[in-house]
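Have a look at entry_24.cif; it's mmCIF, C-alpha atoms:
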```cif
data_structure
#
loop_
_atom_site.label_atom_id
_atom_site.label_comp_id
_atom_site.auth_asym_id
_atom_site.auth_seq_id
_atom_site.Cartn_x
_atom_site.Cartn_y
_atom_site.Cartn_z
CA MET D 1 -40.84 -37.66 -25.12
CA SER D 2 -42.64 -36.01 -28.00
CA GLY D 3 -43.34 -36.72 -31.62
CA LEU D 4 -43.19 -40.48 -31.91
CA LEU D 5 -43.48 -41.70 -35.48
CA PRO D 6 -46.90 -43.25 -36.20
CA SER D 7 -47.32 -46.98 -35.83
CA ALA D 8 -48.64 -49.26 -38.55
CA LYS D 9 -51.74 -49.91 -36.43
CA GLU D 10 -52.58 -46.19 -36.32
CA GLN D 11 -52.51 -46.14 -40.13
CA ASN D 12 -54.78 -49.19 -40.32
CA LYS D 13 -51.91 -51.32 -41.50
CA ALA D 14 -50.29 -54.46 -40.22
CA ALA D 15 -46.83 -55.87 -40.86
CA CYS D 16 -46.53 -59.60 -41.52
CA HIS D 17 -44.43 -61.16 -38.75
CA ILE D 18 -42.78 -63.54 -41.21
CA CYS D 19 -41.93 -61.50 -44.31
CA GLY D 20 -42.21 -57.98 -42.89
CA ARG D 21 -44.51 -56.56 -45.55
CA ALA D 22 -46.79 -53.80 -44.20
CA GLN D 23 -50.24 -53.98 -45.73
CA ASP D 24 -53.95 -53.33 -45.18
CA ALA D 25 -54.85 -54.55 -41.69
CA GLN D 26 -58.12 -55.97 -43.08
CA ASN D 27 -56.22 -58.73 -44.93
CA GLU D 28 -56.76 -62.11 -43.35
CA ARG D 29 -53.53 -63.48 -44.75
CA CYS D 30 -50.34 -61.75 -45.83
CA GLU D 31 -50.52 -60.82 -49.51
CA ARG D 32 -46.96 -61.99 -50.07
CA CYS D 33 -46.31 -65.06 -47.91
CA HIS D 34 -49.91 -66.08 -46.99
CA THR D 35 -49.17 -66.17 -43.26
CA PRO D 36 -52.25 -65.36 -41.13
CA LEU D 37 -52.00 -61.62 -40.47
CA HIS D 38 -52.50 -60.11 -37.02
CA VAL D 39 -52.21 -56.47 -36.04
CA ARG D 40 -51.16 -57.68 -32.58
CA LYS D 41 -50.55 -61.15 -31.16
CA HIS D 42 -53.81 -62.48 -29.72
CA ASP D 43 -54.16 -62.38 -25.90
CA SER D 44 -50.42 -61.87 -25.63
CA ILE D 45 -50.34 -60.99 -21.93
CA GLN D 46 -52.72 -63.75 -20.83
CA ARG D 47 -50.86 -66.38 -22.84
CA CYS D 48 -47.48 -65.16 -21.66
CA LEU D 49 -48.52 -65.26 -17.99
CA ALA D 50 -50.21 -68.66 -18.41
CA PHE D 51 -47.00 -70.19 -19.79
CA CYS D 52 -45.00 -68.48 -17.02
CA VAL D 53 -47.21 -70.19 -14.41
CA ALA D 54 -46.85 -73.52 -16.23
CA SER D 55 -43.07 -73.20 -16.26
CA VAL D 56 -42.97 -72.37 -12.54
CA LEU D 57 -45.04 -75.50 -11.90
CA ALA D 58 -42.62 -77.58 -13.97
CA TYR D 59 -39.61 -75.98 -12.28
CA ILE D 60 -40.53 -77.28 -8.81
CA PRO D 61 -40.27 -81.04 -9.59
CA ALA D 62 -37.28 -80.25 -11.82
CA ASN D 63 -35.38 -79.17 -8.72
CA ILE D 64 -36.71 -81.75 -6.26
CA TRP D 65 -36.37 -84.90 -8.35
CA PRO D 66 -32.92 -86.24 -9.33
CA ILE D 67 -31.74 -85.18 -12.79
CA MET D 68 -29.37 -88.11 -13.16
CA ILE D 69 -28.46 -91.26 -11.33
CA VAL D 70 -24.88 -92.51 -11.25
CA HIS D 71 -24.59 -96.29 -10.82
CA GLU D 72 -21.15 -97.18 -9.56
CA PHE D 73 -19.98 -100.48 -8.07
CA GLY D 74 -23.54 -101.60 -7.46
CA SER D 75 -24.67 -98.44 -5.68
CA ALA D 76 -26.92 -95.76 -7.16
CA GLU D 77 -26.30 -92.11 -6.39
CA PRO D 78 -28.96 -89.64 -7.52
CA THR D 79 -28.03 -85.97 -8.02
CA THR D 80 -30.28 -82.94 -8.40
CA ILE D 81 -29.57 -79.85 -10.52
CA PHE D 82 -28.43 -77.83 -7.56
CA GLY D 83 -26.47 -80.81 -6.26
CA GLY D 84 -24.52 -80.80 -9.52
CA VAL D 85 -23.67 -77.12 -9.13
CA ILE D 86 -22.42 -77.72 -5.59
CA GLN D 87 -20.45 -80.80 -6.66
CA PHE D 88 -18.57 -78.81 -9.30
CA TRP D 89 -17.98 -75.95 -6.85
CA GLU D 90 -16.56 -78.32 -4.24
CA SER D 91 -14.27 -80.00 -6.73
CA LYS D 92 -12.97 -76.48 -7.53
CA VAL D 93 -14.16 -76.42 -11.14
CA TYR D 94 -15.66 -72.97 -10.58
CA SER D 95 -16.18 -72.07 -14.24
CA VAL D 96 -18.43 -75.06 -14.96
CA SER D 97 -20.24 -74.57 -11.68
CA ILE D 98 -21.02 -70.97 -12.63
CA ILE D 99 -22.07 -71.92 -16.18
CA ILE D 100 -24.53 -74.56 -14.95
CA PHE D 101 -25.86 -72.25 -12.23
CA THR D 102 -26.36 -69.46 -14.78
CA ALA D 103 -28.04 -71.68 -17.36
CA SER D 104 -30.33 -73.65 -15.10
CA VAL D 105 -31.13 -71.34 -12.18
CA LEU D 106 -30.29 -67.74 -13.00
CA ILE D 107 -31.56 -67.51 -16.61
CA PRO D 108 -34.96 -69.17 -16.00
CA GLY D 109 -35.49 -67.05 -12.87
CA LEU D 110 -34.53 -63.77 -14.51
CA LYS D 111 -36.50 -64.67 -17.59
CA LEU D 112 -39.71 -65.26 -15.64
CA ALA D 113 -39.17 -62.07 -13.62
CA SER D 114 -38.54 -59.98 -16.72
CA LEU D 115 -41.56 -61.41 -18.56
CA CYS D 116 -43.86 -60.59 -15.62
CA TRP D 117 -42.35 -57.11 -15.46
CA LEU D 118 -42.84 -56.62 -19.22
CA CYS D 119 -46.48 -57.68 -18.91
CA ALA D 120 -46.93 -55.10 -16.13
CA VAL D 121 -45.28 -52.40 -18.25
CA SER D 122 -47.43 -53.35 -21.22
CA LYS D 123 -50.57 -53.07 -19.06
CA GLY D 124 -49.40 -49.68 -17.80
CA TRP D 125 -49.04 -50.73 -14.15
CA MET D 126 -45.36 -49.87 -14.17
CA LYS D 127 -43.51 -47.06 -15.85
CA THR D 128 -40.22 -47.29 -17.67
CA GLU D 129 -38.34 -46.09 -20.72
CA GLY D 130 -39.71 -47.81 -23.85
CA GLN D 131 -36.28 -48.44 -25.34
CA PHE D 132 -35.10 -50.09 -22.13
CA ALA D 133 -38.13 -52.40 -22.00
CA THR D 134 -37.60 -53.33 -25.66
CA LYS D 135 -33.97 -54.18 -24.98
CA ILE D 136 -34.97 -56.36 -22.01
CA TYR D 137 -37.44 -58.23 -24.20
CA TRP D 138 -34.82 -58.76 -26.89
CA VAL D 139 -32.37 -60.24 -24.37
CA THR D 140 -35.10 -62.38 -22.79
CA GLU D 141 -35.97 -63.94 -26.11
CA LEU D 142 -32.32 -64.49 -26.95
CA VAL D 143 -31.04 -66.24 -23.82
CA GLY D 144 -33.97 -68.61 -23.28
CA ARG D 145 -32.54 -71.51 -25.25
CA TRP D 146 -29.37 -71.70 -23.17
CA SER D 147 -31.30 -73.23 -20.30
CA MET D 148 -31.49 -76.48 -22.27
CA LEU D 149 -27.82 -76.93 -21.35
CA ASP D 150 -28.46 -79.23 -18.40
CA VAL D 151 -30.77 -81.47 -20.40
CA PHE D 152 -28.11 -81.89 -23.08
CA VAL D 153 -25.36 -82.54 -20.52
CA VAL D 154 -27.38 -85.37 -19.00
CA ALA D 155 -28.18 -86.72 -22.46
CA ILE D 156 -24.51 -86.76 -23.47
CA LEU D 157 -23.35 -88.41 -20.24
CA VAL D 158 -26.09 -91.04 -20.52
CA GLY D 159 -25.21 -91.59 -24.17
CA LEU D 160 -21.50 -91.97 -23.61
CA ILE D 161 -20.95 -93.67 -20.29
CA GLN D 162 -21.61 -97.36 -20.30
CA VAL D 163 -18.43 -98.82 -18.85
CA GLY D 164 -19.59 -102.39 -18.59
CA ASN D 165 -20.93 -103.18 -15.13
CA ILE D 166 -18.56 -100.86 -13.31
CA MET D 167 -20.30 -97.59 -13.98
CA SER D 168 -23.30 -96.26 -15.83
CA ILE D 169 -25.45 -93.14 -15.77
CA THR D 170 -29.20 -93.02 -16.25
CA ALA D 171 -31.45 -89.99 -16.59
CA GLY D 172 -33.69 -89.01 -13.69
CA PRO D 173 -37.30 -87.85 -13.95
CA ALA D 174 -36.29 -84.19 -13.43
CA VAL D 175 -34.91 -84.04 -16.98
CA ILE D 176 -38.38 -84.10 -18.48
CA ALA D 177 -39.74 -81.54 -16.01
CA PHE D 178 -36.78 -79.28 -16.63
CA ALA D 179 -37.00 -79.51 -20.42
CA LEU D 180 -40.72 -78.72 -20.24
CA MET D 181 -39.92 -75.72 -18.05
CA VAL D 182 -37.49 -74.38 -20.66
CA ILE D 183 -39.91 -74.99 -23.53
CA PHE D 184 -42.73 -73.25 -21.61
CA THR D 185 -40.61 -70.16 -20.93
CA MET D 186 -39.62 -70.04 -24.60
CA ILE D 187 -43.28 -70.15 -25.65
CA ALA D 188 -44.10 -67.53 -22.99
CA ALA D 189 -41.48 -65.15 -24.39
CA HIS D 190 -42.72 -65.84 -27.90
CA SER D 191 -46.35 -65.11 -26.94
CA PHE D 192 -45.52 -61.71 -25.49
CA ASP D 193 -46.00 -58.80 -27.87
CA PRO D 194 -43.54 -55.93 -27.25
CA ARG D 195 -45.63 -53.66 -29.46
CA GLY D 196 -48.10 -53.51 -26.56
CA ILE D 197 -45.55 -51.50 -24.59
CA TRP D 198 -45.29 -48.94 -27.37
CA ASP D 199 -49.06 -48.82 -27.88
CA HIS D 200 -49.28 -47.74 -24.28
CA ILE D 201 -46.58 -45.09 -24.69
CA ARG D 202 -48.26 -43.73 -27.83
CA GLN D 203 -51.62 -43.60 -26.08
CA ASN D 204 -50.18 -41.66 -23.16
CA GLU D 205 -48.52 -39.26 -25.52
CA LYS D 206 -51.78 -38.44 -27.27
CA GLN D 207 -53.94 -37.89 -24.23
CA PRO D 208 -52.01 -36.74 -21.18
CA ARG D 209 -53.52 -38.14 -18.01
CA PRO D 210 -55.96 -35.73 -16.34
CA HIS D 211 -54.94 -34.85 -12.81
CA MET F 1 -39.36 -56.45 -64.21
CA GLN F 2 -36.88 -53.78 -63.41
CA ARG F 3 -33.89 -53.76 -61.18
CA HIS F 4 -34.22 -50.73 -59.05
CA HIS F 5 -30.78 -49.96 -57.87
CA LYS F 6 -27.43 -51.57 -58.37
CA GLN F 7 -26.42 -51.42 -54.73
CA SER F 8 -29.55 -53.02 -53.43
CA TRP F 9 -31.42 -56.24 -53.96
CA PRO F 10 -34.11 -56.56 -56.67
CA ARG F 11 -37.65 -55.63 -55.73
CA LEU F 12 -41.02 -55.36 -57.41
CA LEU F 13 -41.76 -51.74 -58.17
CA ASP F 14 -45.53 -52.01 -58.06
CA SER F 15 -45.93 -53.48 -54.58
CA SER F 16 -45.86 -51.99 -51.08
CA LYS F 17 -42.41 -51.02 -49.84
CA GLU F 18 -43.42 -50.43 -46.26
CA THR F 19 -42.49 -52.45 -43.25
CA ALA F 20 -43.08 -52.00 -39.54
CA CYS F 21 -40.63 -52.45 -36.69
CA HIS F 22 -40.99 -55.89 -35.14
CA PHE F 23 -40.72 -54.47 -31.63
CA CYS F 24 -42.61 -51.15 -31.65
CA ASP F 25 -44.72 -51.28 -34.84
CA THR F 26 -43.40 -47.98 -36.20
CA LEU F 27 -44.17 -47.79 -39.91
CA PHE F 28 -41.22 -47.28 -42.26
CA GLU F 29 -40.60 -47.11 -45.96
CA VAL F 30 -37.90 -49.66 -46.81
CA GLU F 31 -35.19 -47.49 -48.28
CA LEU F 32 -32.42 -48.77 -50.46
CA ILE F 33 -29.26 -49.00 -48.45
CA LYS F 34 -25.74 -49.81 -49.50
CA GLU F 35 -24.20 -53.22 -49.02
CA GLY F 36 -23.01 -53.71 -45.48
CA GLU F 37 -25.27 -51.01 -44.05
CA GLU F 38 -28.18 -51.56 -41.73
CA ALA F 39 -31.35 -49.65 -40.90
CA VAL F 40 -32.22 -49.01 -37.26
CA CYS F 41 -35.64 -48.13 -35.88
CA GLN F 42 -35.81 -44.48 -34.77
CA THR F 43 -38.36 -45.22 -32.08
CA CYS F 44 -37.01 -48.23 -30.21
CA GLY F 45 -33.45 -48.52 -31.51
CA GLN F 46 -33.72 -52.13 -32.71
CA LYS F 47 -32.40 -53.33 -36.05
CA LEU F 48 -34.95 -53.13 -38.87
CA TYR F 49 -33.16 -54.73 -41.79
CA ARG F 50 -29.74 -54.82 -43.40
CA ASN F 51 -28.20 -55.26 -46.76
CA ARG F 52 -25.65 -58.06 -46.62
CA PRO F 53 -22.95 -58.18 -49.27
CA GLN F 54 -23.22 -61.14 -51.66
CA SER F 55 -25.98 -62.54 -49.54
CA LEU F 56 -27.05 -65.51 -51.64
CA GLN F 57 -23.50 -66.65 -52.34
CA HIS F 58 -22.64 -66.54 -48.65
CA ALA F 59 -25.81 -68.34 -47.60
CA ILE F 60 -25.26 -71.09 -50.18
CA SER F 61 -21.61 -71.66 -49.35
CA PHE F 62 -22.16 -71.75 -45.60
CA ALA F 63 -25.14 -74.10 -45.96
CA LEU F 64 -23.28 -76.45 -48.30
CA THR F 65 -20.24 -76.60 -46.03
CA GLY F 66 -22.48 -77.22 -43.04
CA ILE F 67 -24.23 -80.15 -44.71
CA LEU F 68 -20.94 -81.80 -45.66
CA LEU F 69 -19.64 -81.39 -42.12
CA PHE F 70 -22.84 -82.90 -40.77
CA SER F 71 -21.96 -86.22 -42.40
CA LEU F 72 -18.70 -86.19 -40.41
CA LEU F 73 -20.57 -85.39 -37.20
CA LEU F 74 -23.16 -88.10 -37.68
CA PHE F 75 -21.06 -91.04 -38.78
CA PHE F 76 -17.60 -90.50 -37.36
CA PRO F 77 -16.73 -90.91 -33.67
CA PHE F 78 -17.18 -87.90 -31.45
CA MET F 79 -14.59 -88.69 -28.80
CA ARG F 80 -12.64 -91.61 -27.41
CA LEU F 81 -12.96 -92.45 -23.75
CA ASP F 82 -10.40 -94.69 -22.09
CA ALA F 83 -11.47 -95.77 -18.62
CA GLN F 84 -9.00 -98.27 -17.19
CA GLY F 85 -8.62 -100.07 -20.47
CA ILE F 86 -12.25 -99.96 -21.49
CA ILE F 87 -12.48 -97.88 -24.64
CA ILE F 88 -15.65 -96.16 -25.76
CA GLU F 89 -15.78 -94.54 -29.12
CA MET F 90 -19.01 -93.75 -30.86
CA PRO F 91 -20.55 -91.51 -33.45
CA VAL F 92 -23.50 -89.28 -32.55
CA VAL F 93 -26.10 -91.48 -34.25
CA GLN F 94 -25.10 -94.41 -32.08
CA ALA F 95 -24.97 -92.23 -28.95
CA VAL F 96 -28.53 -91.03 -29.57
CA LYS F 97 -29.63 -94.63 -29.98
CA HIS F 98 -27.95 -95.47 -26.70
CA MET F 99 -29.68 -92.49 -25.03
CA PHE F 100 -32.95 -93.87 -26.33
CA ASP F 101 -32.24 -97.28 -24.81
CA THR F 102 -31.05 -96.13 -21.39
CA GLY F 103 -32.25 -92.59 -20.80
CA GLY F 104 -35.71 -92.74 -22.29
CA TRP F 105 -37.27 -91.42 -25.44
CA PHE F 106 -37.65 -87.89 -24.18
CA ILE F 107 -34.02 -86.80 -23.92
CA ALA F 108 -33.06 -88.81 -26.98
CA LEU F 109 -35.77 -87.00 -28.90
CA SER F 110 -34.82 -83.55 -27.61
CA VAL F 111 -31.18 -84.02 -28.59
CA ALA F 112 -32.06 -85.54 -31.95
CA LEU F 113 -34.57 -82.80 -32.72
CA PHE F 114 -33.00 -79.60 -31.36
CA ALA F 115 -29.34 -80.37 -31.96
CA ILE F 116 -29.29 -82.55 -35.07
CA LEU F 117 -32.47 -82.81 -37.16
CA LEU F 118 -33.60 -79.18 -37.02
CA PRO F 119 -30.18 -77.67 -37.81
CA LEU F 120 -29.64 -80.14 -40.65
CA PHE F 121 -33.15 -79.50 -41.98
CA GLN F 122 -32.54 -75.74 -41.90
CA LEU F 123 -29.30 -76.02 -43.87
CA VAL F 124 -30.95 -78.18 -46.53
CA VAL F 125 -33.87 -75.75 -46.73
CA ILE F 126 -31.55 -72.76 -47.14
CA LEU F 127 -29.97 -74.51 -50.12
CA TYR F 128 -33.40 -75.37 -51.52
CA ILE F 129 -34.41 -71.70 -51.38
CA CYS F 130 -31.18 -69.91 -52.22
CA VAL F 131 -29.65 -71.95 -55.04
CA PRO F 132 -32.63 -71.42 -57.41
CA LEU F 133 -32.93 -67.78 -56.27
CA PHE F 134 -29.34 -67.24 -57.32
CA TYR F 135 -30.52 -67.92 -60.87
CA GLY F 136 -33.71 -65.89 -60.33
CA LYS F 137 -35.89 -69.01 -60.09
CA THR F 138 -37.88 -70.78 -57.41
CA LEU F 139 -38.74 -74.40 -56.65
CA PRO F 140 -42.26 -75.58 -55.71
CA TYR F 141 -43.68 -74.68 -52.26
CA VAL F 142 -40.95 -72.09 -51.71
CA VAL F 143 -43.33 -69.76 -49.83
CA GLN F 144 -44.47 -72.40 -47.34
CA ILE F 145 -40.94 -73.71 -46.88
CA THR F 146 -39.44 -70.28 -46.23
CA ARG F 147 -42.18 -69.61 -43.69
CA THR F 148 -41.40 -72.88 -41.93
CA LEU F 149 -37.70 -72.02 -41.92
CA GLN F 150 -38.34 -68.74 -40.13
CA THR F 151 -40.83 -70.23 -37.68
CA LEU F 152 -38.47 -73.01 -36.61
CA GLN F 153 -35.38 -70.81 -36.31
CA PRO F 154 -35.61 -70.14 -32.53
CA TRP F 155 -35.63 -73.89 -31.87
CA ILE F 156 -32.14 -74.56 -33.24
CA MET F 157 -29.97 -75.29 -30.25
CA ILE F 158 -26.74 -76.59 -31.72
CA GLU F 159 -24.60 -74.01 -29.90
CA VAL F 160 -26.23 -74.97 -26.60
CA PHE F 161 -25.47 -78.60 -27.44
CA PHE F 162 -21.84 -77.64 -28.05
CA LEU F 163 -21.53 -75.97 -24.63
CA ALA F 164 -23.13 -79.11 -23.14
CA THR F 165 -20.43 -81.31 -24.72
CA VAL F 166 -17.74 -79.07 -23.21
CA VAL F 167 -19.34 -79.29 -19.76
CA SER F 168 -19.67 -83.07 -19.98
CA LEU F 169 -16.05 -83.30 -21.15
CA ILE F 170 -14.94 -81.60 -17.95
CA LYS F 171 -17.02 -84.11 -16.02
CA LEU F 172 -15.58 -87.03 -17.98
CA VAL F 173 -11.93 -86.00 -17.64
CA LYS F 174 -12.08 -87.07 -14.00
CA LEU F 175 -13.29 -90.56 -14.93
CA ALA F 176 -11.38 -91.40 -18.06
CA ASP F 177 -8.76 -90.29 -20.55
CA VAL F 178 -10.58 -88.30 -23.19
CA GLU F 179 -9.43 -87.80 -26.74
CA LEU F 180 -11.40 -85.52 -29.03
CA LEU F 181 -12.08 -86.92 -32.48
CA CYS F 182 -13.31 -85.61 -35.77
CA GLY F 183 -16.98 -85.45 -34.74
CA PHE F 184 -16.20 -82.88 -32.06
CA TRP F 185 -14.24 -80.61 -34.37
CA SER F 186 -16.90 -80.80 -37.06
CA LEU F 187 -19.52 -79.74 -34.48
CA ILE F 188 -17.61 -76.49 -33.91
CA ALA F 189 -17.39 -75.86 -37.66
CA ILE F 190 -21.10 -76.65 -38.16
CA MET F 191 -21.99 -74.12 -35.48
CA ILE F 192 -20.08 -71.41 -37.37
CA CYS F 193 -21.68 -72.45 -40.67
CA ILE F 194 -25.21 -72.25 -39.27
CA ALA F 195 -24.62 -68.83 -37.73
CA GLY F 196 -23.06 -67.67 -41.02
CA ALA F 197 -25.85 -69.04 -43.20
CA PHE F 198 -28.54 -67.30 -41.13
CA ALA F 199 -26.67 -64.02 -40.88
CA ALA F 200 -25.94 -64.04 -44.62
CA ILE F 201 -29.33 -62.87 -45.81
CA ASP F 202 -31.93 -60.50 -44.37
CA ARG F 203 -35.53 -61.68 -44.28
CA LEU F 204 -36.78 -58.63 -46.20
CA GLU F 205 -34.23 -59.27 -48.93
CA LEU F 206 -35.08 -62.98 -49.05
CA TRP F 207 -38.80 -62.29 -49.43
CA ASP F 208 -38.28 -59.54 -52.00
CA ARG F 209 -36.15 -61.88 -54.08
CA ILE F 210 -38.72 -64.69 -53.78
CA GLU F 211 -41.48 -62.28 -54.83
CA VAL F 212 -39.52 -61.17 -57.89
CA ALA F 213 -38.72 -64.75 -58.89
CA LEU F 214 -42.33 -65.87 -58.43
CA GLN F 215 -43.63 -63.07 -60.60
CA LYS F 216 -41.13 -63.90 -63.29
CA ARG F 217 -42.39 -67.49 -63.23
CA ASN F 218 -46.02 -66.36 -63.50
CA GLU F 219 -45.26 -64.09 -66.42
CA SER F 220 -43.55 -66.74 -68.49
#
```
Render the structure in this file as structure tokens.
Amino acid sequence: MSGLLPSAKEQNKAACHICGRAQDAQNERCERCHTPLHVRKHDSIQRCLAFCVASVLAYIPANIWPIMIVHEFGSAEPTTIFGGVIQFWESKVYSVSIIIFTASVLIPGLKLASLCWLCAVSKGWMKTEGQFATKIYWVTELVGRWSMLDVFVVAILVGLIQVGNIMSITAGPAVIAFALMVIFTMIAAHSFDPRGIWDHIRQNEKQPRPH
Amino acid sequence: MQRHHKQSWPRLLDSSKETACHFCDTLFEVELIKEGEEAVCQTCGQKLYRNRPQSLQHAISFALTGILLFSLLLFFPFMRLDAQGIIIEMPVVQAVKHMFDTGGWFIALSVALFAILLPLFQLVVILYICVPLFYGKTLPYVVQITRTLQTLQPWIMIEVFFLATVVSLIKLVKLADVELLCGFWSLIAIMICIAGAFAAIDRLELWDRIEVALQKRNES
């Protein structure tokens, strides 16, 4: 790769992350929209990894505790997230089973893995194509919200089902843990600065590593 | 105050026209592009900005439609459940209240905030910004409000909420006869309106227009 276009940082400029105006990097606030101006997000890798750890910690109780409790004919039956996936699979509703599995197990897992990988790339511990890493980051930021699916499903079922004394559904403690997990991964993705990856690529381009 | 080019949106001539890619920080001059075209970053391949046709008109009409549909969603029943003669039929506002009573404040709050209040707030804010801009004017605090709009955008989860209703429907079909009512259909339409309102106008265009309108106000 040769001849990358110069970055704003190299020209002592910074682009406002809200309105997009590139301006003197010395400005404390954006000259147009008065948002605090940063050349790069502060401590992006540390913050990103810290929120990743927090979301892993929240994910453990989210899977162990019941996410909802079905009260039917005087008996209470708690189900976990994974229990719900299996229930749908066994009752042959494969599509829903796959959707829930994707939203509440696959996406959070892949998201955490890709954020850790992006941090490593940004630090220069791992090598990859810059465009590929950027694409991964874009997808990671985009899909994060879909994990809230399970929280909303429980909320809707709790809100709707109240068939007298015959049957009712209450939310289990895992809902809160799970929602926190999703919110933490969203903040983690938001804290990461993809420009760090390109800073690294630009640096390597300028001074080839001595061997 | 001069309009620079007929095909593009109005901009101030005496201010910086540079922007940097959000993903790789490559510095670019914002060139005037034709309606419907988009600019892509040469370094990382991500979208830089685009020129949407009739941006303000589209944003306003989608936002207005969305707000009207919201009143249907909030106050008209969402679906009718018939479980062995016991009929449940309730609008979203009542369902959230019931969530609050039985499921705890946390899930009631997350549904109310992410799926109802934030989307509704965003639609109202788009109207607040775009209707005056259409006439080249601005209302007070437009800068702060537009900033808030952009900051809160990732937290709108109405499409996730929609998928959740479909999943819970499949669960409910086993327990009761389900009939979809007007609230459900308006949710689908609101989802389209929100996506349309946000896609209608590029952030660079929005801020350029606000800048022009603000300067006009200061001059007069």
Which neighbours of region 101-117 of chain F fall inside 8 Å, counting all atoms listed in the file, when residues of the same chain fewer than 2 positions from it are skipped, and could you give them as a PyMOL selection string? (chain D and resi 151-152+155+158-159+170-171+175-176) or (chain F and resi 96-99+119-121+155-158+161)
Once you count only C-alpha atoms, which residues of chain F turn out to be within 6 Å of chain D? Could you give them as JSON, numbers by chain? {"F": [18, 19, 20, 23, 24, 25, 26, 27, 44, 95, 98, 99, 103, 143, 160, 164, 168]}
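Going from CA of Thr151 (chain F) to CA of Asn12 (chain D) covers 25.4 Å.
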Expected axis-aligned box over every listed atom of region 60-66 of chain D, 8 Å added per side, centre plus edges in Å to one decimal, as JSON:
```
{"center_x": -36.7, "center_y": -81.8, "center_z": -9.0, "size_x": 23.6, "size_y": 25.0, "size_z": 21.6}
```
Figure out the distance between CA of Leu74 (chain F) and CA of His71 (chain D), please, to one decimal in Å. 28.1 Å
Result set of the PyMOL selection byres ((chain D and resi 112-119) around 10) on the coordinates above, as JSON, numbers by chain: {"D": [44, 45, 46, 48, 49, 51, 52, 53, 55, 56, 107, 108, 109, 110, 111, 120, 121, 122, 123, 124, 125, 126, 128, 133, 134, 136, 137, 139, 140, 141, 185, 188, 189, 192, 193, 194, 196, 197]}
Which value, in Å to one decimal, gives the distance between CA of Thr148 (chain F) and CA of Met181 (chain D)? 24.1 Å
Protein, DNA and RNA residues within 12 Å of (-16.3, -84.3, -39.1), only C-alpha atoms, as a PyMOL selection string: chain F and resi 65-79+91-92+180-190
Counting all atoms listed in the file, find residues at most 10 Å from (-41.8, -70.9, -49.1) (file frame) and give them as a ChimeraX atom specification. /D:33-34 /F:125,128-129,138-150,207,210
Using the chain letters and residue numbers of this document, give as a tab-separated table (two decimals) with C-alpha atoms, in the coordinates of the input the residues selected by the PyMOL selection byres ((chain D and resi 79-83) around 9).
```
chain	number	residue	atom	x	y	z
D	62	ALA	CA	-37.28	-80.25	-11.82
D	63	ASN	CA	-35.38	-79.17	-8.72
D	64	ILE	CA	-36.71	-81.75	-6.26
D	65	TRP	CA	-36.37	-84.90	-8.35
D	66	PRO	CA	-32.92	-86.24	-9.33
D	67	ILE	CA	-31.74	-85.18	-12.79
D	68	MET	CA	-29.37	-88.11	-13.16
D	69	ILE	CA	-28.46	-91.26	-11.33
D	70	VAL	CA	-24.88	-92.51	-11.25
D	77	GLU	CA	-26.30	-92.11	-6.39
D	78	PRO	CA	-28.96	-89.64	-7.52
D	84	GLY	CA	-24.52	-80.80	-9.52
D	85	VAL	CA	-23.67	-77.12	-9.13
D	86	ILE	CA	-22.42	-77.72	-5.59
D	87	GLN	CA	-20.45	-80.80	-6.66
D	88	PHE	CA	-18.57	-78.81	-9.30
D	100	ILE	CA	-24.53	-74.56	-14.95
D	101	PHE	CA	-25.86	-72.25	-12.23
D	104	SER	CA	-30.33	-73.65	-15.10
D	105	VAL	CA	-31.13	-71.34	-12.18
D	150	ASP	CA	-28.46	-79.23	-18.40
D	172	GLY	CA	-33.69	-89.01	-13.69
D	174	ALA	CA	-36.29	-84.19	-13.43
```
Find the residues around Gln84 (chain F) up to 10 Å (all atoms listed in the file counted), leave out those fewer than 3 positions away in its own chain, and share them as a ChimeraX atom specification. /D:163 /F:81,87,175-177
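Here the PyMOL selection byres ((chain F and resi 47-52) around 8) captures the residues Ser8, Trp9, Cys21, His22, Ile33, Lys34, Glu35, Gly36, Glu37, Glu38, Ala39, Val40, Cys41, Gly45, Gln46, Pro53, Gln54, Ser55, Ala200, Ile201, Asp202, Arg203, Leu204 and Glu205 of chain F.
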